[in-house]
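Visitor: Take a look at this one; I'll ask things after.
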Amino acid sequence: MKPAPLYALPDPDGGSAASRTPISVVLADDHTFMRRQLRRVLDAESEFAIVAEASDFESVLRHVRGHLPHVLVLDLSMPGGSSLTLIRRLRTEAPNTEIVVTTMTDDPRFAREALAAGAVGYVIKDDADRDLAEAVRLAARGEGFITPAVASVIAAYADGENGRLSARETDVLRLLALGNTSAEIAQLLQISVRTVETHRAHIHRKLGLSARAELVRYALRRGLLVAPAPLSLETSS
């Protein structure tokens, strides 16, 4: 069973919503009241379709395997096991399902661990009214989201940790992690492709990483993909 196509962004020229595939969601939290609150937030947006709810790890696995949703919204502190272990397992068993973690804690260490395990979103439950829909929307496109208050702490930490990379190397790393080619990065940063390739070689050597997936995980863990890119390549239609 293959998942439905990923959610198509709204047509800027006013295309019909009926022509877009809804974002399918499995909602997992062991507290019924909290599931209702989170569901209320998502039900308010017509682009989401909650296909199942889960209250324990076994039902999470069953529903994700059965529905192959675009996004799993997962409580970080469900009883009966480690949510981090579950995230790692699902990244192998359901690689097309992105994971948004919800939690009551704003400790950035937990956010870093969740992202390192394979989640792409981290939402504080107290901020769900503001953040959850956007986190799920971005997750369906393979993009990351962290509740802003937590993201700012992670970014501050990342600034120090990324001291081994120059500012330009960090720019190149971020654009690489976002899926840009060397030619696209050269255009965005207004430098030559050869210079981009030099920066890429330095990044790989300094970080000891080679695969793009490793660079993406590194960038996510360090908050480099949280803020919207200041530059973009746009094509006119």
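We name chains A, B, ... following the order of the structure tokens; residues begin at 1 in each chain, and ligands are numbered from 1 as shown.
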Running DSSP on the backbone, which parts of segment 4-208 of chain A land in strand (DSSP E or B), as a count of residues only?
Guide: 30
Visitor: Just the alpha helix (DSSP H) stuff from segment 35-127 of chain A, please, per backbone DSSP, written as a ChimeraX atom specification.
Guide: /A:35-43,57-67,83-93,108-117
Visitor: Take the residues from that selection and put them in a file with N, CA and C atoms, as a compact mmCIF listing (two decimals), in the first residue's frame.
Guide:
```txt
# COMPACT_ATOMS: atom_id res chain seq x y z
N ARG A 35 -5.80 14.73 23.08
CA ARG A 35 -6.06 14.35 21.69
C ARG A 35 -7.21 15.18 21.12
N ARG A 36 -8.23 15.39 21.95
CA ARG A 36 -9.37 16.20 21.48
C ARG A 36 -8.94 17.63 21.20
N GLN A 37 -8.07 18.16 22.05
CA GLN A 37 -7.61 19.54 21.85
C GLN A 37 -6.78 19.66 20.57
N LEU A 38 -5.88 18.71 20.38
CA LEU A 38 -5.03 18.74 19.18
C LEU A 38 -5.87 18.50 17.93
N ARG A 39 -6.85 17.61 18.05
CA ARG A 39 -7.71 17.35 16.89
C ARG A 39 -8.52 18.60 16.55
N ARG A 40 -8.97 19.31 17.57
CA ARG A 40 -9.73 20.53 17.32
C ARG A 40 -8.91 21.52 16.48
N VAL A 41 -7.62 21.63 16.81
CA VAL A 41 -6.75 22.54 16.07
C VAL A 41 -6.66 22.13 14.60
N LEU A 42 -6.45 20.84 14.35
CA LEU A 42 -6.28 20.37 12.98
C LEU A 42 -7.61 20.33 12.21
N ASP A 43 -8.69 20.00 12.91
CA ASP A 43 -9.99 19.96 12.24
C ASP A 43 -10.44 21.34 11.76
N PHE A 57 1.79 2.86 22.11
CA PHE A 57 2.75 2.58 21.05
C PHE A 57 2.23 1.53 20.07
N GLU A 58 1.55 0.50 20.58
CA GLU A 58 1.06 -0.56 19.70
C GLU A 58 0.07 -0.01 18.68
N SER A 59 -0.84 0.85 19.14
CA SER A 59 -1.82 1.40 18.20
C SER A 59 -1.16 2.41 17.25
N VAL A 60 -0.11 3.10 17.70
CA VAL A 60 0.62 3.99 16.79
C VAL A 60 1.19 3.17 15.63
N LEU A 61 1.87 2.09 15.95
CA LEU A 61 2.46 1.25 14.91
C LEU A 61 1.39 0.69 13.99
N ARG A 62 0.30 0.23 14.56
CA ARG A 62 -0.77 -0.37 13.75
C ARG A 62 -1.36 0.65 12.78
N HIS A 63 -1.63 1.84 13.28
CA HIS A 63 -2.27 2.85 12.42
C HIS A 63 -1.31 3.42 11.38
N VAL A 64 -0.06 3.59 11.75
CA VAL A 64 0.91 4.10 10.77
C VAL A 64 1.13 3.07 9.68
N ARG A 65 1.27 1.80 10.06
CA ARG A 65 1.44 0.75 9.06
C ARG A 65 0.21 0.63 8.16
N GLY A 66 -0.97 0.78 8.78
CA GLY A 66 -2.20 0.59 8.02
C GLY A 66 -2.56 1.75 7.11
N HIS A 67 -2.30 2.98 7.57
CA HIS A 67 -2.72 4.16 6.81
C HIS A 67 -1.58 4.83 6.05
N SER A 83 9.54 7.10 23.18
CA SER A 83 9.08 7.70 21.94
C SER A 83 10.24 7.89 20.96
N LEU A 84 11.44 8.13 21.48
CA LEU A 84 12.60 8.29 20.61
C LEU A 84 12.90 6.99 19.87
N THR A 85 12.80 5.87 20.59
CA THR A 85 13.00 4.56 19.95
C THR A 85 11.93 4.32 18.90
N LEU A 86 10.68 4.70 19.22
CA LEU A 86 9.58 4.54 18.27
C LEU A 86 9.82 5.38 17.02
N ILE A 87 10.30 6.61 17.20
CA ILE A 87 10.58 7.47 16.05
C ILE A 87 11.62 6.82 15.15
N ARG A 88 12.70 6.32 15.75
CA ARG A 88 13.75 5.67 14.94
C ARG A 88 13.19 4.46 14.19
N ARG A 89 12.35 3.71 14.85
CA ARG A 89 11.77 2.52 14.22
C ARG A 89 10.89 2.93 13.04
N LEU A 90 10.08 3.97 13.22
CA LEU A 90 9.18 4.38 12.16
C LEU A 90 9.93 5.00 10.99
N ARG A 91 11.08 5.61 11.25
CA ARG A 91 11.85 6.15 10.13
C ARG A 91 12.28 5.04 9.18
N THR A 92 12.43 3.81 9.73
CA THR A 92 12.79 2.66 8.90
C THR A 92 11.55 2.02 8.30
N GLU A 93 10.50 1.84 9.12
CA GLU A 93 9.32 1.11 8.66
C GLU A 93 8.39 1.97 7.81
N PRO A 108 15.30 22.51 25.38
CA PRO A 108 15.83 22.29 24.02
C PRO A 108 16.56 20.97 23.85
N ARG A 109 17.03 20.38 24.95
CA ARG A 109 17.71 19.09 24.84
C ARG A 109 16.76 18.03 24.30
N PHE A 110 15.49 18.07 24.72
CA PHE A 110 14.52 17.10 24.23
C PHE A 110 14.23 17.33 22.76
N ALA A 111 14.18 18.59 22.36
CA ALA A 111 13.95 18.88 20.94
C ALA A 111 15.09 18.34 20.09
N ARG A 112 16.31 18.55 20.53
CA ARG A 112 17.47 18.08 19.78
C ARG A 112 17.46 16.56 19.67
N GLU A 113 17.08 15.88 20.76
CA GLU A 113 17.03 14.41 20.74
C GLU A 113 15.94 13.92 19.78
N ALA A 114 14.79 14.58 19.80
CA ALA A 114 13.69 14.17 18.92
C ALA A 114 14.07 14.36 17.46
N LEU A 115 14.72 15.49 17.15
CA LEU A 115 15.14 15.74 15.77
C LEU A 115 16.24 14.77 15.35
N ALA A 116 17.14 14.48 16.27
CA ALA A 116 18.21 13.53 15.96
C ALA A 116 17.64 12.14 15.69
N ALA A 117 16.55 11.79 16.37
CA ALA A 117 15.92 10.48 16.18
C ALA A 117 15.21 10.39 14.84
```
Visitor: Between atom CA of Leu220 of chain A and atom CA of Ala52 of chain A, what distance in Å does the model show, to one decimal?
Guide: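 Atom CA of Ala52 of chain A lies at a distance of 27.7 Å from atom CA of Leu220 of chain A.
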Visitor: Select, from A:Glu47, A:Gly142, A:Val71, A:Thr103, the residue with the minimum atom-to-atom distance to His31 of chain A, counting only C-alpha atoms.
Guide: A:Thr103
Visitor: Can you work out which one of A:Val101, A:Val172, A:Ala28, A:Ile23 has the shortest atom-to-atom distance to Ser46 of chain A, counting only C-alpha atoms?
Guide: A:Ile23
Visitor: Find, counting only C-alpha atoms, the residue in A:Met78, A:Val120, A:Leu165, A:Ala133 that gets nearest to Arg221 of chain A.
Guide: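 Counting only C-alpha atoms, the residue closest to Arg221 of chain A is A:Val120.
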Visitor: Ranking A:Ile124, A:Leu138, A:Ala119, A:Val196 by minimum distance to Val216 of chain A and counting only C-alpha atoms, which one comes first?
Guide: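 Using only C-alpha atoms, Val216 of chain A sits closest to A:Ala119.
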